[in-house]
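See structure below.
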Amino acid sequence: MGGSTRPHRSPTTGLVATLFQLAGRSELPGVGLVELLGEFGLSTAAARRHLARMRDDGQLAGVRSGRGTNYRMAGPFGHRVVQLGQELGTAPPTWEGHFDALLFAVPESHRAYRDRLRRVALLVGYGQLQPGVLISVGDRSAQLAEVLADCPDDARVTRATIALDTADAARLAVPAWDLDDVAATLTGHAEALESVLREAGTPRPDGTTLRRFAELFNAVFIDLVRDPRLPDELRPPGWPHHRLLIAMAEMGDRFGPPAVEFLHTRLADLAR
């Protein structure tokens, strides 16, 4: 159920988000993003095309600045990136005995809207309980405000709550969020980071360090989007989130400073 509804996530789009996070800025110049994406093997033309697609999809907003364009993350994508950064290391929500739900009935003539609603809902943390029923722990409908405002007149999206005992909620959560696959994926990321941390040597502030750090963290964050941050009672035994956080913190301490130093140097050089 969960796996069949999982949206594709572009690694390059994730890299753009990672560059914003590493830079610590809400806006970056387009020329700077193009040059930085070049560090990851994208040609100038390919990088510009990708930024244009992100802008067309509402994931980036562009503002003219002189002869160039400054970009900032936008829409549900931008909100989710910021949210992930804020949530790392914080306690999961408490279980109040019910799921918040969105019940939707969208006719086939508005299939594009139905697909968009489901795609954005999964991005912001909903799971699919069954066709036409999306669930979350806590009301996340505000994060869908733009999508819900576009609901066609002959479609219906209704907020609801679904009360369940803890055992039933935990059982239903597994397929709704594809938790078995999420656990295996996050465990794989933890093992990959731990393997890198066992290597000797001190990373230098250069392109190699930026690429390695950003690519590893990008892969993690692409899949952390799939972790619904469920209450402990609803998580399967041995949930790997804490192990992954420890590896990420150690990786950030070791590779983060030289990677950020190189990134800021490149941006400063481009600004001259």
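Identifiers in this document derive from the order of the structure tokens: chains are assigned A, B, ..., residues are numbered from 1 separately in each chain, and ligands are numbered from 1 in order of occurrence.
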Problem set entry | alpha helix (DSSP H) positions in stretch 9-194 of chain A, given as a PyMOL selection string | chain A and resi 11-23+30-38+44-56+75-87+111-124+145-149+166-176+179-194
With C-alpha atoms retained, write the just-selected residues as a short mmCIF file (atom, residue, chain, number, x, y, z; two decimals), in the first residue's frame.
data_model
loop_
_atom_site.label_atom_id
_atom_site.label_comp_id
_atom_site.auth_asym_id
_atom_site.auth_seq_id
_atom_site.Cartn_x
_atom_site.Cartn_y
_atom_site.Cartn_z
CA PRO A 11 18.59 13.53 -6.27
CA THR A 12 19.46 16.82 -8.00
CA THR A 13 16.51 18.58 -6.38
CA GLY A 14 17.74 17.22 -3.07
CA LEU A 15 21.22 18.56 -3.77
CA VAL A 16 19.79 22.03 -4.34
CA ALA A 17 18.08 21.85 -0.95
CA THR A 18 21.29 20.56 0.67
CA LEU A 19 23.28 23.47 -0.78
CA PHE A 20 20.81 25.94 0.71
CA GLN A 21 21.09 24.20 4.08
CA LEU A 22 24.90 24.14 4.03
CA ALA A 23 25.10 27.77 2.92
CA GLY A 30 21.30 31.47 -9.65
CA VAL A 31 24.84 31.72 -11.01
CA GLY A 32 26.15 30.39 -7.69
CA LEU A 33 23.77 27.42 -7.70
CA VAL A 34 24.73 26.60 -11.28
CA GLU A 35 28.44 26.69 -10.44
CA LEU A 36 27.98 24.63 -7.28
CA LEU A 37 25.93 22.01 -9.11
CA GLY A 38 28.86 21.82 -11.50
CA THR A 44 25.92 24.54 -16.98
CA ALA A 45 23.01 23.86 -19.33
CA ALA A 46 21.76 20.89 -17.29
CA ALA A 47 21.96 22.86 -14.04
CA ARG A 48 20.03 25.78 -15.52
CA ARG A 49 17.37 23.44 -16.90
CA HIS A 50 16.96 21.78 -13.54
CA LEU A 51 16.58 25.09 -11.69
CA ALA A 52 14.00 26.16 -14.29
CA ARG A 53 12.04 22.92 -13.71
CA MET A 54 12.11 23.45 -9.96
CA ARG A 55 10.83 26.98 -10.48
CA ASP A 56 8.06 25.76 -12.79
CA GLY A 75 5.96 25.84 -1.62
CA PRO A 76 5.44 22.56 0.25
CA PHE A 77 8.92 21.45 -0.85
CA GLY A 78 10.61 24.43 0.78
CA HIS A 79 8.51 24.10 3.90
CA ARG A 80 9.33 20.41 4.21
CA VAL A 81 13.08 21.02 3.85
CA VAL A 82 13.00 23.61 6.65
CA GLN A 83 10.79 21.36 8.76
CA LEU A 84 13.17 18.41 8.43
CA GLY A 85 16.04 20.55 9.67
CA GLN A 86 14.01 21.78 12.62
CA GLU A 87 12.74 18.32 13.57
CA ARG A 111 -7.08 12.95 -11.95
CA ALA A 112 -4.22 15.49 -12.15
CA TYR A 113 -5.54 17.23 -9.04
CA ARG A 114 -5.99 13.92 -7.20
CA ASP A 115 -2.40 12.91 -8.00
CA ARG A 116 -1.11 16.32 -6.88
CA LEU A 117 -3.04 16.15 -3.60
CA ARG A 118 -1.70 12.69 -2.83
CA ARG A 119 1.87 13.55 -3.88
CA VAL A 120 2.09 16.70 -1.75
CA ALA A 121 0.33 15.01 1.19
CA LEU A 122 2.90 12.20 1.19
CA LEU A 123 5.68 14.81 0.98
CA VAL A 124 4.51 16.60 4.12
CA ALA A 145 -3.39 24.94 2.09
CA GLU A 146 -2.38 25.81 -1.47
CA VAL A 147 -3.46 22.42 -2.78
CA LEU A 148 -6.72 22.34 -0.85
CA ALA A 149 -7.59 25.83 -2.11
CA THR A 166 -2.60 1.69 20.09
CA ALA A 167 -2.13 -1.87 18.82
CA ASP A 168 -4.44 -1.34 15.85
CA ALA A 169 -2.86 2.03 15.05
CA ALA A 170 0.63 0.50 15.08
CA ARG A 171 -0.50 -2.34 12.83
CA LEU A 172 -2.11 -0.01 10.30
CA ALA A 173 0.85 2.39 10.32
CA VAL A 174 3.18 -0.23 8.83
CA PRO A 175 1.56 -0.39 5.37
CA ALA A 176 0.32 3.22 5.44
CA LEU A 179 7.59 1.35 7.57
CA ASP A 180 9.44 -1.91 6.96
CA ASP A 181 11.05 -0.47 3.85
CA VAL A 182 11.71 2.89 5.53
CA ALA A 183 13.47 1.10 8.42
CA ALA A 184 15.67 -0.90 6.04
CA THR A 185 16.53 2.24 4.07
CA LEU A 186 17.43 4.33 7.13
CA THR A 187 19.51 1.46 8.51
CA GLY A 188 21.41 1.36 5.23
CA HIS A 189 22.15 5.08 5.48
CA ALA A 190 23.38 4.70 9.06
CA GLU A 191 25.70 1.89 8.00
CA ALA A 192 27.04 3.95 5.07
CA LEU A 193 27.81 6.94 7.31
CA GLU A 194 29.41 4.73 9.97
#
Exercise. When distances are computed from only C-alpha atoms, which of A:Pro240, A:Gly207, A:Pro231, A:Gly41 shows the smallest separation from A:Glu261?
Worked result: A:Gly207
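Across the model, the gap from atom CA of A:Leu102 to atom CA of A:Thr158 is 5.5 Å.
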Problem set entry | Selected residue, from A:Pro29, A:Pro92, A:Gly66, A:Pro203, that lies nearest to A:Asp253 when counting only C-alpha atoms |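 With only C-alpha atoms as the atom set, the closest residue is A:Pro203.
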For this session: List the neighbours of A:Gln130 out to 8 Å using only C-alpha atoms; skip same-chain residues closer than 2 positions along the sequence, and give me the result as a PyMOL selection string.
Result: chain A and resi 1+128+132-134+176
Write out the residues from the selection above, keeping C-alpha atoms, as a CSV table (one decimal), in the first residue's frame.
chain,number,residue,atom,x,y,z
A,1,MET,CA,0.0,0.0,0.0
A,128,GLN,CA,-2.2,6.4,2.8
A,132,GLY,CA,-9.1,8.1,-0.6
A,133,VAL,CA,-7.9,8.1,3.0
A,134,LEU,CA,-4.7,9.9,4.1
A,176,ALA,CA,0.3,3.2,5.4
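Atom CA of A:Pro131 is positioned 13.8 Å from atom CA of A:Arg156.
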Problem set entry | strand (DSSP E or B) per DSSP on the backbone: members of stretch 44-149 of chain A, as a ChimeraX atom specification | /A:60-65,68-73,98-105,127-130,133-136
For this session: Could you jot down the atom CA of A:Ala200 to atom CA of A:Ala219 separation for me, Å, one decimal place?
Result: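 Atom CA of A:Ala219 lies 22.5 Å from atom CA of A:Ala200.
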Could you name the residues that touch stretch 94-99 of chain A at 10 Å or less, counting only C-alpha atoms, but leaving out those on the same chain fewer than 6 positions away, as a PDB file with N, CA and C atoms, in the first residue's frame?
ATOM      1  N   LEU A 134      -6.087   9.538   3.696  1.00  0.00           N
ATOM      2  CA  LEU A 134      -4.729   9.877   4.106  1.00  0.00           C
ATOM      3  C   LEU A 134      -4.723  10.146   5.601  1.00  0.00           C
ATOM      4  N   ILE A 135      -3.701   9.672   6.299  1.00  0.00           N
ATOM      5  CA  ILE A 135      -3.653   9.828   7.754  1.00  0.00           C
ATOM      6  C   ILE A 135      -2.334  10.449   8.193  1.00  0.00           C
ATOM      7  N   SER A 136      -2.374  11.103   9.347  1.00  0.00           N
ATOM      8  CA  SER A 136      -1.161  11.656   9.947  1.00  0.00           C
ATOM      9  C   SER A 136      -1.347  11.683  11.454  1.00  0.00           C
ATOM     10  N   VAL A 137      -0.240  11.840  12.171  1.00  0.00           N
ATOM     11  CA  VAL A 137      -0.306  12.068  13.611  1.00  0.00           C
ATOM     12  C   VAL A 137      -0.163  13.564  13.802  1.00  0.00           C
ATOM     13  N   GLY A 138      -1.250  14.209  14.149  1.00  0.00           N
ATOM     14  CA  GLY A 138      -1.288  15.663  14.183  1.00  0.00           C
ATOM     15  C   GLY A 138      -1.837  16.185  12.859  1.00  0.00           C
ATOM     16  N   ASP A 139      -2.513  17.296  12.933  1.00  0.00           N
ATOM     17  CA  ASP A 139      -3.147  17.876  11.746  1.00  0.00           C
ATOM     18  C   ASP A 139      -2.096  18.583  10.888  1.00  0.00           C
ATOM     19  N   ALA A 160     -10.995  14.735   9.091  1.00  0.00           N
ATOM     20  CA  ALA A 160     -11.665  13.830  10.028  1.00  0.00           C
ATOM     21  C   ALA A 160     -10.643  13.314  11.032  1.00  0.00           C
ATOM     22  N   THR A 161     -11.109  12.612  12.041  1.00  0.00           N
ATOM     23  CA  THR A 161     -10.227  11.880  12.955  1.00  0.00           C
ATOM     24  C   THR A 161     -10.673  10.423  12.962  1.00  0.00           C
ATOM     25  N   ILE A 162      -9.695   9.545  13.110  1.00  0.00           N
ATOM     26  CA  ILE A 162      -9.963   8.112  13.151  1.00  0.00           C
ATOM     27  C   ILE A 162      -9.395   7.581  14.469  1.00  0.00           C
ATOM     28  N   ALA A 163     -10.279   7.285  15.410  1.00  0.00           N
ATOM     29  CA  ALA A 163      -9.857   6.807  16.730  1.00  0.00           C
ATOM     30  C   ALA A 163      -9.534   5.321  16.664  1.00  0.00           C
ATOM     31  N   LEU A 164      -8.397   4.949  17.257  1.00  0.00           N
ATOM     32  CA  LEU A 164      -7.948   3.559  17.249  1.00  0.00           C
ATOM     33  C   LEU A 164      -7.211   3.267  18.552  1.00  0.00           C
ATOM     34  N   ASP A 165      -7.252   1.998  18.984  1.00  0.00           N
ATOM     35  CA  ASP A 165      -6.380   1.662  20.101  1.00  0.00           C
ATOM     36  C   ASP A 165      -4.953   1.556  19.576  1.00  0.00           C
ATOM     37  N   THR A 166      -4.005   1.578  20.480  1.00  0.00           N
ATOM     38  CA  THR A 166      -2.599   1.685  20.088  1.00  0.00           C
ATOM     39  C   THR A 166      -2.150   0.516  19.229  1.00  0.00           C
ATOM     40  N   ALA A 169      -3.520   0.909  15.721  1.00  0.00           N
ATOM     41  CA  ALA A 169      -2.862   2.033  15.050  1.00  0.00           C
ATOM     42  C   ALA A 169      -1.463   1.643  14.597  1.00  0.00           C
ATOM     43  N   ALA A 173      -0.204   1.447  10.716  1.00  0.00           N
ATOM     44  CA  ALA A 173       0.847   2.391  10.324  1.00  0.00           C
ATOM     45  C   ALA A 173       1.891   1.741   9.415  1.00  0.00           C
ATOM     46  N   LEU A 230       6.572   9.080  13.810  1.00  0.00           N
ATOM     47  CA  LEU A 230       5.451   8.563  14.585  1.00  0.00           C
ATOM     48  C   LEU A 230       5.794   8.511  16.067  1.00  0.00           C
ATOM     49  N   PRO A 231       4.799   8.534  16.926  1.00  0.00           N
ATOM     50  CA  PRO A 231       5.042   8.296  18.353  1.00  0.00           C
ATOM     51  C   PRO A 231       5.730   6.947  18.551  1.00  0.00           C
ATOM     52  N   ASP A 232       6.497   6.845  19.620  1.00  0.00           N
ATOM     53  CA  ASP A 232       7.251   5.607  19.864  1.00  0.00           C
ATOM     54  C   ASP A 232       6.341   4.378  19.875  1.00  0.00           C
ATOM     55  N   GLU A 233       5.102   4.539  20.368  1.00  0.00           N
ATOM     56  CA  GLU A 233       4.198   3.392  20.471  1.00  0.00           C
ATOM     57  C   GLU A 233       3.820   2.823  19.105  1.00  0.00           C
ATOM     58  N   LEU A 234       3.918   3.640  18.055  1.00  0.00           N
ATOM     59  CA  LEU A 234       3.500   3.205  16.724  1.00  0.00           C
ATOM     60  C   LEU A 234       4.676   2.766  15.856  1.00  0.00           C
TER      61      LEU A 234
END
Problem set entry | Best match for closeness to A:Pro152 among A:Pro107, A:Gly89, A:Gly68, A:Gly125, counting only C-alpha atoms | A:Pro107
